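Structure, as structure tokens:
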Amino acid sequence: MRGGRRVAAVDGVDFDLAAGECLALVGESGCGKSVLASALLGLLPGNAQTAGTAVLTGPDDAPGTGVDLLAADERTLARTVRGRRVGLVPQSPAAHLTPVRTVRAHLEETLRELAGTPRGELRAAVVAAARRASFPAELLDHHPHELSGGQAQRAATALALVGDAPLLLADEPTTGLDRDLVERTVDELRRHADEGRALLMITHDLAAAERIADRVAVMYAGRIVETAPADRFFGAAGPRHPYARGLLAALPERDFTPVPGMPPELDALPEGCAFAARCDRRTDACRVLPRLTGGVACHHAAPDGGPSGGAASAAAGEATRA
């Protein structure tokens, strides 16, 4: 960045996502969740650098082959990946919708390109696609600037679902929606996975994650600090990392106690545990960066299957590896 600064927005991330599975990626704003999604689709700014692999494989790929999303060129991403093999519900739909075109025009073009819908069937197909994302049919002829934030979000979700992509990246898909629409939206996303596709849902909404996720990954300061089955994460055992427990404790239906302090700046991370300054379990051991071992990166993690109390709270056939 300017002045020669470097920011490790996402670092050391490693996970699998299988067909028929929903992985919820959670964490505070600025921890790197959306950067990860952008990296997988080649949508990072020009000054970004990536390393590692993000391999997308499907039933038609020979064993040991697939598309490395981080190594693919723009032509490959534009013509064979985006929309076709990987769909995206963007965090800022207004920035992804063409301002001079109506929602209907967006959907018609997407249906022609991704679903091959004949011209004579487009009108009915557009209405069906809108209904799938709970977008009001009477607003189909509106332009993006005529929509509320929640309506734009539903329009973007409708577009993302058209191609039935084997992998769907849903980046804050419930932003601006009331509770009823949140539940309807995430239930539709869950159906996407239940039909044999993969879903990576990036969200602040832990209630939505609890409703549809199979597994939960918690991100903090650019790193994944815990992965766990959703039933254990939200159940009596609870998460093992102090930060993850703090996220749950901050919910109104739980302790309603915020995680103390603020996240560190990504260009000024400590050498050791990035959460140590906010954690009441910190010791000298936290000066060393903890590795993600057994699903948790913490020197003082709660025992696997232990109580949830502690520091902070008192694709069809597609898979990704990033």
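Residue numbering restarts at 1 in every chain; chains get A, B, ... in the order shown in the structure tokens, and ligands count up from 1 in that same order.
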
DSSP alpha helix (DSSP H) residues within range 43-247 of chain A, as a PDB file with N, CA and C atoms, in the first residue's frame:
ATOM      1  N   GLU A  74      -7.853 -14.067 -15.870  1.00  0.00           N
ATOM      2  CA  GLU A  74      -9.139 -13.366 -15.906  1.00  0.00           C
ATOM      3  C   GLU A  74     -10.090 -14.004 -16.923  1.00  0.00           C
ATOM      4  N   ARG A  75      -9.582 -14.450 -18.045  1.00  0.00           N
ATOM      5  CA  ARG A  75     -10.439 -15.070 -19.063  1.00  0.00           C
ATOM      6  C   ARG A  75     -11.123 -16.317 -18.509  1.00  0.00           C
ATOM      7  N   THR A  76     -10.350 -17.151 -17.817  1.00  0.00           N
ATOM      8  CA  THR A  76     -10.922 -18.363 -17.231  1.00  0.00           C
ATOM      9  C   THR A  76     -11.965 -18.021 -16.184  1.00  0.00           C
ATOM     10  N   PRO A  93     -24.560  -4.901  -2.798  1.00  0.00           N
ATOM     11  CA  PRO A  93     -25.213  -5.185  -4.077  1.00  0.00           C
ATOM     12  C   PRO A  93     -25.316  -3.972  -4.986  1.00  0.00           C
ATOM     13  N   ALA A  94     -25.470  -2.761  -4.416  1.00  0.00           N
ATOM     14  CA  ALA A  94     -25.606  -1.570  -5.247  1.00  0.00           C
ATOM     15  C   ALA A  94     -24.384  -1.376  -6.146  1.00  0.00           C
ATOM     16  N   ALA A  95     -23.222  -1.819  -5.654  1.00  0.00           N
ATOM     17  CA  ALA A  95     -21.995  -1.669  -6.442  1.00  0.00           C
ATOM     18  C   ALA A  95     -21.880  -2.727  -7.527  1.00  0.00           C
ATOM     19  N   HIS A  96     -22.706  -3.765  -7.468  1.00  0.00           N
ATOM     20  CA  HIS A  96     -22.640  -4.856  -8.436  1.00  0.00           C
ATOM     21  C   HIS A  96     -23.794  -4.821  -9.436  1.00  0.00           C
ATOM     22  N   VAL A 103     -33.996  -4.247 -12.752  1.00  0.00           N
ATOM     23  CA  VAL A 103     -33.785  -5.579 -12.182  1.00  0.00           C
ATOM     24  C   VAL A 103     -34.204  -6.653 -13.191  1.00  0.00           C
ATOM     25  N   ARG A 104     -35.287  -6.395 -13.901  1.00  0.00           N
ATOM     26  CA  ARG A 104     -35.748  -7.359 -14.911  1.00  0.00           C
ATOM     27  C   ARG A 104     -34.668  -7.588 -15.977  1.00  0.00           C
ATOM     28  N   ALA A 105     -34.053  -6.496 -16.432  1.00  0.00           N
ATOM     29  CA  ALA A 105     -33.013  -6.626 -17.457  1.00  0.00           C
ATOM     30  C   ALA A 105     -31.822  -7.413 -16.929  1.00  0.00           C
ATOM     31  N   HIS A 106     -31.459  -7.174 -15.681  1.00  0.00           N
ATOM     32  CA  HIS A 106     -30.371  -7.951 -15.071  1.00  0.00           C
ATOM     33  C   HIS A 106     -30.709  -9.442 -15.088  1.00  0.00           C
ATOM     34  N   LEU A 107     -31.923  -9.766 -14.640  1.00  0.00           N
ATOM     35  CA  LEU A 107     -32.314 -11.170 -14.542  1.00  0.00           C
ATOM     36  C   LEU A 107     -32.447 -11.813 -15.919  1.00  0.00           C
ATOM     37  N   GLU A 108     -32.988 -11.097 -16.883  1.00  0.00           N
ATOM     38  CA  GLU A 108     -33.132 -11.662 -18.225  1.00  0.00           C
ATOM     39  C   GLU A 108     -31.771 -12.025 -18.814  1.00  0.00           C
ATOM     40  N   GLU A 109     -30.824 -11.114 -18.699  1.00  0.00           N
ATOM     41  CA  GLU A 109     -29.498 -11.388 -19.234  1.00  0.00           C
ATOM     42  C   GLU A 109     -28.854 -12.588 -18.537  1.00  0.00           C
ATOM     43  N   THR A 110     -28.988 -12.639 -17.208  1.00  0.00           N
ATOM     44  CA  THR A 110     -28.384 -13.733 -16.447  1.00  0.00           C
ATOM     45  C   THR A 110     -29.038 -15.066 -16.796  1.00  0.00           C
ATOM     46  N   LEU A 122     -38.678 -16.144 -20.985  1.00  0.00           N
ATOM     47  CA  LEU A 122     -37.947 -15.265 -20.077  1.00  0.00           C
ATOM     48  C   LEU A 122     -38.843 -14.593 -19.047  1.00  0.00           C
ATOM     49  N   ARG A 123     -40.005 -14.096 -19.480  1.00  0.00           N
ATOM     50  CA  ARG A 123     -40.856 -13.348 -18.550  1.00  0.00           C
ATOM     51  C   ARG A 123     -41.238 -14.209 -17.343  1.00  0.00           C
ATOM     52  N   ALA A 124     -41.681 -15.411 -17.601  1.00  0.00           N
ATOM     53  CA  ALA A 124     -42.074 -16.296 -16.498  1.00  0.00           C
ATOM     54  C   ALA A 124     -40.860 -16.694 -15.667  1.00  0.00           C
ATOM     55  N   ALA A 125     -39.716 -16.917 -16.326  1.00  0.00           N
ATOM     56  CA  ALA A 125     -38.505 -17.313 -15.604  1.00  0.00           C
ATOM     57  C   ALA A 125     -38.002 -16.187 -14.705  1.00  0.00           C
ATOM     58  N   VAL A 126     -38.140 -14.947 -15.157  1.00  0.00           N
ATOM     59  CA  VAL A 126     -37.725 -13.798 -14.344  1.00  0.00           C
ATOM     60  C   VAL A 126     -38.570 -13.727 -13.069  1.00  0.00           C
ATOM     61  N   VAL A 127     -39.864 -13.891 -13.219  1.00  0.00           N
ATOM     62  CA  VAL A 127     -40.745 -13.842 -12.046  1.00  0.00           C
ATOM     63  C   VAL A 127     -40.405 -14.973 -11.074  1.00  0.00           C
ATOM     64  N   ALA A 128     -40.118 -16.154 -11.601  1.00  0.00           N
ATOM     65  CA  ALA A 128     -39.766 -17.296 -10.736  1.00  0.00           C
ATOM     66  C   ALA A 128     -38.445 -17.049 -10.027  1.00  0.00           C
ATOM     67  N   ALA A 129     -37.467 -16.471 -10.720  1.00  0.00           N
ATOM     68  CA  ALA A 129     -36.172 -16.178 -10.105  1.00  0.00           C
ATOM     69  C   ALA A 129     -36.313 -15.134  -9.013  1.00  0.00           C
ATOM     70  N   ALA A 130     -37.157 -14.127  -9.253  1.00  0.00           N
ATOM     71  CA  ALA A 130     -37.384 -13.099  -8.236  1.00  0.00           C
ATOM     72  C   ALA A 130     -38.068 -13.692  -7.008  1.00  0.00           C
ATOM     73  N   ARG A 131     -39.062 -14.545  -7.255  1.00  0.00           N
ATOM     74  CA  ARG A 131     -39.790 -15.157  -6.148  1.00  0.00           C
ATOM     75  C   ARG A 131     -38.854 -16.006  -5.287  1.00  0.00           C
ATOM     76  N   ARG A 132     -37.905 -16.652  -5.902  1.00  0.00           N
ATOM     77  CA  ARG A 132     -36.976 -17.522  -5.170  1.00  0.00           C
ATOM     78  C   ARG A 132     -36.205 -16.749  -4.112  1.00  0.00           C
ATOM     79  N   GLY A 149     -32.117  -0.726   0.485  1.00  0.00           N
ATOM     80  CA  GLY A 149     -30.970  -1.611   0.663  1.00  0.00           C
ATOM     81  C   GLY A 149     -31.363  -3.069   0.709  1.00  0.00           C
ATOM     82  N   GLY A 150     -32.448  -3.368   1.423  1.00  0.00           N
ATOM     83  CA  GLY A 150     -32.905  -4.747   1.506  1.00  0.00           C
ATOM     84  C   GLY A 150     -33.412  -5.278   0.182  1.00  0.00           C
ATOM     85  N   GLN A 151     -34.089  -4.422  -0.594  1.00  0.00           N
ATOM     86  CA  GLN A 151     -34.570  -4.846  -1.907  1.00  0.00           C
ATOM     87  C   GLN A 151     -33.412  -5.113  -2.860  1.00  0.00           C
ATOM     88  N   ALA A 152     -32.380  -4.245  -2.813  1.00  0.00           N
ATOM     89  CA  ALA A 152     -31.195  -4.476  -3.646  1.00  0.00           C
ATOM     90  C   ALA A 152     -30.503  -5.775  -3.256  1.00  0.00           C
ATOM     91  N   GLN A 153     -30.499  -6.078  -1.949  1.00  0.00           N
ATOM     92  CA  GLN A 153     -29.884  -7.312  -1.479  1.00  0.00           C
ATOM     93  C   GLN A 153     -30.613  -8.524  -2.038  1.00  0.00           C
ATOM     94  N   ARG A 154     -31.944  -8.459  -2.055  1.00  0.00           N
ATOM     95  CA  ARG A 154     -32.720  -9.580  -2.575  1.00  0.00           C
ATOM     96  C   ARG A 154     -32.564  -9.717  -4.087  1.00  0.00           C
ATOM     97  N   ALA A 155     -32.428  -8.578  -4.780  1.00  0.00           N
ATOM     98  CA  ALA A 155     -32.190  -8.643  -6.226  1.00  0.00           C
ATOM     99  C   ALA A 155     -30.861  -9.325  -6.514  1.00  0.00           C
ATOM    100  N   ALA A 156     -29.829  -8.971  -5.744  1.00  0.00           N
ATOM    101  CA  ALA A 156     -28.514  -9.581  -5.932  1.00  0.00           C
ATOM    102  C   ALA A 156     -28.557 -11.075  -5.612  1.00  0.00           C
ATOM    103  N   THR A 157     -29.315 -11.448  -4.598  1.00  0.00           N
ATOM    104  CA  THR A 157     -29.449 -12.861  -4.250  1.00  0.00           C
ATOM    105  C   THR A 157     -30.146 -13.625  -5.370  1.00  0.00           C
ATOM    106  N   ALA A 158     -31.180 -13.031  -5.948  1.00  0.00           N
ATOM    107  CA  ALA A 158     -31.875 -13.670  -7.068  1.00  0.00           C
ATOM    108  C   ALA A 158     -30.918 -13.912  -8.232  1.00  0.00           C
ATOM    109  N   LEU A 159     -30.080 -12.940  -8.534  1.00  0.00           N
ATOM    110  CA  LEU A 159     -29.114 -13.087  -9.618  1.00  0.00           C
ATOM    111  C   LEU A 159     -28.118 -14.197  -9.316  1.00  0.00           C
ATOM    112  N   ALA A 160     -27.664 -14.275  -8.063  1.00  0.00           N
ATOM    113  CA  ALA A 160     -26.659 -15.274  -7.689  1.00  0.00           C
ATOM    114  C   ALA A 160     -27.209 -16.694  -7.767  1.00  0.00           C
ATOM    115  N   LEU A 161     -28.504 -16.844  -7.541  1.00  0.00           N
ATOM    116  CA  LEU A 161     -29.096 -18.180  -7.522  1.00  0.00           C
ATOM    117  C   LEU A 161     -29.456 -18.697  -8.916  1.00  0.00           C
ATOM    118  N   VAL A 162     -29.493 -17.819  -9.902  1.00  0.00           N
ATOM    119  CA  VAL A 162     -29.963 -18.207 -11.239  1.00  0.00           C
ATOM    120  C   VAL A 162     -29.172 -19.375 -11.809  1.00  0.00           C
ATOM    121  N   ARG A 179     -36.422  -9.763  10.134  1.00  0.00           N
ATOM    122  CA  ARG A 179     -36.186 -11.135  10.586  1.00  0.00           C
ATOM    123  C   ARG A 179     -36.892 -12.168   9.728  1.00  0.00           C
ATOM    124  N   ASP A 180     -38.126 -11.867   9.302  1.00  0.00           N
ATOM    125  CA  ASP A 180     -38.852 -12.826   8.477  1.00  0.00           C
ATOM    126  C   ASP A 180     -38.137 -13.058   7.147  1.00  0.00           C
ATOM    127  N   LEU A 181     -37.666 -11.975   6.523  1.00  0.00           N
ATOM    128  CA  LEU A 181     -36.956 -12.104   5.252  1.00  0.00           C
ATOM    129  C   LEU A 181     -35.595 -12.764   5.438  1.00  0.00           C
ATOM    130  N   VAL A 182     -34.962 -12.506   6.584  1.00  0.00           N
ATOM    131  CA  VAL A 182     -33.698 -13.188   6.877  1.00  0.00           C
ATOM    132  C   VAL A 182     -33.905 -14.696   6.847  1.00  0.00           C
ATOM    133  N   GLU A 183     -34.928 -15.153   7.533  1.00  0.00           N
ATOM    134  CA  GLU A 183     -35.166 -16.587   7.622  1.00  0.00           C
ATOM    135  C   GLU A 183     -35.535 -17.173   6.266  1.00  0.00           C
ATOM    136  N   ARG A 184     -36.344 -16.459   5.494  1.00  0.00           N
ATOM    137  CA  ARG A 184     -36.710 -16.949   4.163  1.00  0.00           C
ATOM    138  C   ARG A 184     -35.496 -17.005   3.238  1.00  0.00           C
ATOM    139  N   THR A 185     -34.632 -15.992   3.355  1.00  0.00           N
ATOM    140  CA  THR A 185     -33.444 -15.954   2.498  1.00  0.00           C
ATOM    141  C   THR A 185     -32.474 -17.075   2.836  1.00  0.00           C
ATOM    142  N   VAL A 186     -32.172 -17.239   4.131  1.00  0.00           N
ATOM    143  CA  VAL A 186     -31.195 -18.271   4.486  1.00  0.00           C
ATOM    144  C   VAL A 186     -31.766 -19.669   4.263  1.00  0.00           C
ATOM    145  N   ASP A 187     -33.075 -19.825   4.383  1.00  0.00           N
ATOM    146  CA  ASP A 187     -33.674 -21.133   4.078  1.00  0.00           C
ATOM    147  C   ASP A 187     -33.506 -21.466   2.598  1.00  0.00           C
ATOM    148  N   GLU A 188     -33.627 -20.454   1.726  1.00  0.00           N
ATOM    149  CA  GLU A 188     -33.414 -20.684   0.292  1.00  0.00           C
ATOM    150  C   GLU A 188     -31.951 -21.025   0.025  1.00  0.00           C
ATOM    151  N   LEU A 189     -31.040 -20.352   0.709  1.00  0.00           N
ATOM    152  CA  LEU A 189     -29.620 -20.673   0.568  1.00  0.00           C
ATOM    153  C   LEU A 189     -29.344 -22.091   1.066  1.00  0.00           C
ATOM    154  N   ARG A 190     -30.010 -22.487   2.126  1.00  0.00           N
ATOM    155  CA  ARG A 190     -29.839 -23.845   2.644  1.00  0.00           C
ATOM    156  C   ARG A 190     -30.324 -24.881   1.637  1.00  0.00           C
ATOM    157  N   ARG A 191     -31.418 -24.553   0.936  1.00  0.00           N
ATOM    158  CA  ARG A 191     -31.908 -25.463  -0.099  1.00  0.00           C
ATOM    159  C   ARG A 191     -30.870 -25.626  -1.201  1.00  0.00           C
ATOM    160  N   HIS A 192     -30.153 -24.543  -1.487  1.00  0.00           N
ATOM    161  CA  HIS A 192     -29.080 -24.610  -2.487  1.00  0.00           C
ATOM    162  C   HIS A 192     -28.074 -25.695  -2.098  1.00  0.00           C
ATOM    163  N   ALA A 193     -27.729 -25.748  -0.818  1.00  0.00           N
ATOM    164  CA  ALA A 193     -26.788 -26.770  -0.343  1.00  0.00           C
ATOM    165  C   ALA A 193     -27.433 -28.147  -0.284  1.00  0.00           C
ATOM    166  N   ASP A 194     -28.672 -28.195   0.149  1.00  0.00           N
ATOM    167  CA  ASP A 194     -29.348 -29.483   0.290  1.00  0.00           C
ATOM    168  C   ASP A 194     -29.519 -30.192  -1.052  1.00  0.00           C
ATOM    169  N   LEU A 206     -25.275 -14.379  13.667  1.00  0.00           N
ATOM    170  CA  LEU A 206     -25.047 -15.705  14.235  1.00  0.00           C
ATOM    171  C   LEU A 206     -26.338 -16.512  14.311  1.00  0.00           C
ATOM    172  N   ALA A 207     -27.480 -15.832  14.442  1.00  0.00           N
ATOM    173  CA  ALA A 207     -28.748 -16.560  14.450  1.00  0.00           C
ATOM    174  C   ALA A 207     -29.000 -17.201  13.088  1.00  0.00           C
ATOM    175  N   ALA A 208     -28.674 -16.494  12.019  1.00  0.00           N
ATOM    176  CA  ALA A 208     -28.817 -17.062  10.674  1.00  0.00           C
ATOM    177  C   ALA A 208     -27.851 -18.218  10.479  1.00  0.00           C
ATOM    178  N   ALA A 209     -26.617 -18.061  10.972  1.00  0.00           N
ATOM    179  CA  ALA A 209     -25.640 -19.139  10.863  1.00  0.00           C
ATOM    180  C   ALA A 209     -26.104 -20.375  11.617  1.00  0.00           C
ATOM    181  N   GLU A 210     -26.653 -20.168  12.811  1.00  0.00           N
ATOM    182  CA  GLU A 210     -27.141 -21.303  13.594  1.00  0.00           C
ATOM    183  C   GLU A 210     -28.279 -22.010  12.875  1.00  0.00           C
ATOM    184  N   ARG A 211     -29.068 -21.263  12.126  1.00  0.00           N
ATOM    185  CA  ARG A 211     -30.236 -21.834  11.451  1.00  0.00           C
ATOM    186  C   ARG A 211     -29.853 -22.776  10.324  1.00  0.00           C
ATOM    187  N   ILE A 212     -28.753 -22.481   9.590  1.00  0.00           N
ATOM    188  CA  ILE A 212     -28.495 -23.269   8.369  1.00  0.00           C
ATOM    189  C   ILE A 212     -27.109 -23.896   8.276  1.00  0.00           C
ATOM    190  N   ALA A 230     -21.482 -26.978  13.711  1.00  0.00           N
ATOM    191  CA  ALA A 230     -22.417 -25.952  14.173  1.00  0.00           C
ATOM    192  C   ALA A 230     -23.190 -26.387  15.407  1.00  0.00           C
ATOM    193  N   ASP A 231     -23.558 -27.664  15.474  1.00  0.00           N
ATOM    194  CA  ASP A 231     -24.335 -28.101  16.635  1.00  0.00           C
ATOM    195  C   ASP A 231     -23.531 -28.006  17.921  1.00  0.00           C
ATOM    196  N   ARG A 232     -22.220 -28.244  17.842  1.00  0.00           N
ATOM    197  CA  ARG A 232     -21.394 -28.081  19.034  1.00  0.00           C
ATOM    198  C   ARG A 232     -21.126 -26.615  19.328  1.00  0.00           C
ATOM    199  N   PHE A 233     -20.854 -25.842  18.285  1.00  0.00           N
ATOM    200  CA  PHE A 233     -20.539 -24.430  18.452  1.00  0.00           C
ATOM    201  C   PHE A 233     -21.681 -23.692  19.142  1.00  0.00           C
ATOM    202  N   PHE A 234     -22.915 -23.955  18.688  1.00  0.00           N
ATOM    203  CA  PHE A 234     -24.064 -23.253  19.250  1.00  0.00           C
ATOM    204  C   PHE A 234     -24.722 -24.017  20.398  1.00  0.00           C
ATOM    205  N   PRO A 242     -11.549 -18.246  23.210  1.00  0.00           N
ATOM    206  CA  PRO A 242     -12.158 -17.154  23.994  1.00  0.00           C
ATOM    207  C   PRO A 242     -12.865 -16.117  23.134  1.00  0.00           C
ATOM    208  N   TYR A 243     -12.313 -15.801  21.975  1.00  0.00           N
ATOM    209  CA  TYR A 243     -12.966 -14.824  21.106  1.00  0.00           C
ATOM    210  C   TYR A 243     -14.297 -15.361  20.592  1.00  0.00           C
ATOM    211  N   ALA A 244     -14.320 -16.610  20.172  1.00  0.00           N
ATOM    212  CA  ALA A 244     -15.554 -17.203  19.667  1.00  0.00           C
ATOM    213  C   ALA A 244     -16.623 -17.238  20.755  1.00  0.00           C
ATOM    214  N   ARG A 245     -16.231 -17.560  21.983  1.00  0.00           N
ATOM    215  CA  ARG A 245     -17.186 -17.541  23.085  1.00  0.00           C
ATOM    216  C   ARG A 245     -17.686 -16.128  23.344  1.00  0.00           C
ATOM    217  N   GLY A 246     -16.786 -15.150  23.148  1.00  0.00           N
ATOM    218  CA  GLY A 246     -17.193 -13.762  23.321  1.00  0.00           C
ATOM    219  C   GLY A 246     -18.225 -13.329  22.298  1.00  0.00           C
ATOM    220  N   LEU A 247     -18.080 -13.804  21.060  1.00  0.00           N
ATOM    221  CA  LEU A 247     -19.073 -13.466  20.034  1.00  0.00           C
ATOM    222  C   LEU A 247     -20.459 -13.961  20.435  1.00  0.00           C
TER     223      LEU A 247
END

How would you write, as a PyMOL selection string, the set of residues in range 55-173 of chain A that DSSP gives as strand (DSSP E)?
chain A and resi 55-57+67-68+86-89+167-171

Write out as a PyMOL selection string the residues lying within 12 Å of Leu292 in chain A, counting only C-alpha atoms and excluding same-chain residues fewer than 5 positions away.
chain A and resi 12-15+217-219+223-228+240-241+273+297-299+301

Now that the selection is made, can you save its residues with C-alpha atoms as a compact mmCIF listing (two decimals), in the first residue's frame?
# COMPACT_ATOMS: atom_id res chain seq x y z
CA GLY A 12 -2.75 -18.91 6.73
CA VAL A 13 -6.39 -19.76 6.00
CA ASP A 14 -7.00 -23.48 5.40
CA PHE A 15 -10.38 -25.16 5.05
CA ALA A 217 -15.29 -21.01 11.07
CA VAL A 218 -14.37 -18.02 13.21
CA MET A 219 -12.01 -15.43 11.74
CA ARG A 223 -6.75 -15.77 10.50
CA ILE A 224 -9.18 -18.57 11.26
CA VAL A 225 -9.00 -19.16 15.00
CA GLU A 226 -11.59 -21.92 15.34
CA THR A 227 -13.59 -24.35 13.25
CA ALA A 228 -16.32 -26.49 14.76
CA ARG A 240 -13.37 -23.35 22.54
CA HIS A 241 -11.63 -20.10 21.59
CA CYS A 273 -1.80 -14.04 19.50
CA ALA A 297 -5.75 -21.67 17.55
CA CYS A 298 -5.32 -20.75 21.21
CA HIS A 299 -2.84 -21.54 23.99
CA ALA A 301 -8.58 -23.08 24.63

Which polymer residues have any atom within 7 Å of an atom of Ala115 in chain A, counting only C-alpha atoms, with same-chain residues fewer than 3 positions away left out, as a PDB file with C-alpha atoms, in the first residue's frame?
ATOM      1  CA  LEU A 111     -31.050 -16.299 -17.316  1.00  0.00           C
ATOM      2  CA  ARG A 112     -30.019 -16.242 -20.993  1.00  0.00           C
ATOM      3  CA  GLY A 163     -27.047 -20.335 -12.381  1.00  0.00           C
TER       4      GLY A 163
END

Quick one: everything within 10 Å of Pro45 in chain A, counting only C-alpha atoms, minus sequence neighbours fewer than 6 positions away in the same chain. Send it as a list in words.
Val35, Ser38 and Ala39 of chain A

Export N, CA and C atoms of the chosen residues as a PDB file, in the first residue's frame?
ATOM      1  N   VAL A  35     -12.561 -10.193   2.037  1.00  0.00           N
ATOM      2  CA  VAL A  35     -11.340 -10.258   1.231  1.00  0.00           C
ATOM      3  C   VAL A  35     -11.118 -11.687   0.755  1.00  0.00           C
ATOM      4  N   SER A  38     -13.450 -12.323  -2.140  1.00  0.00           N
ATOM      5  CA  SER A  38     -12.963 -11.614  -3.333  1.00  0.00           C
ATOM      6  C   SER A  38     -11.763 -12.329  -3.940  1.00  0.00           C
ATOM      7  N   ALA A  39     -10.899 -12.866  -3.091  1.00  0.00           N
ATOM      8  CA  ALA A  39      -9.721 -13.584  -3.589  1.00  0.00           C
ATOM      9  C   ALA A  39     -10.137 -14.822  -4.372  1.00  0.00           C
TER      10      ALA A  39
END

Would you pick out the contacts of range 198-201 of chain A at 9 Å or less, using only C-alpha atoms, so that residues sharing its chain but fewer than 6 positions from it are not included, and give the list as a ChimeraX atom specification?
/A:17-26,37,165-173,189-190,192,209,213,315-320

Would you compute the distance between CA of Gly272 in chain A and CA of Ala221 in chain A? Give it in Å to one decimal.
11.8 Å
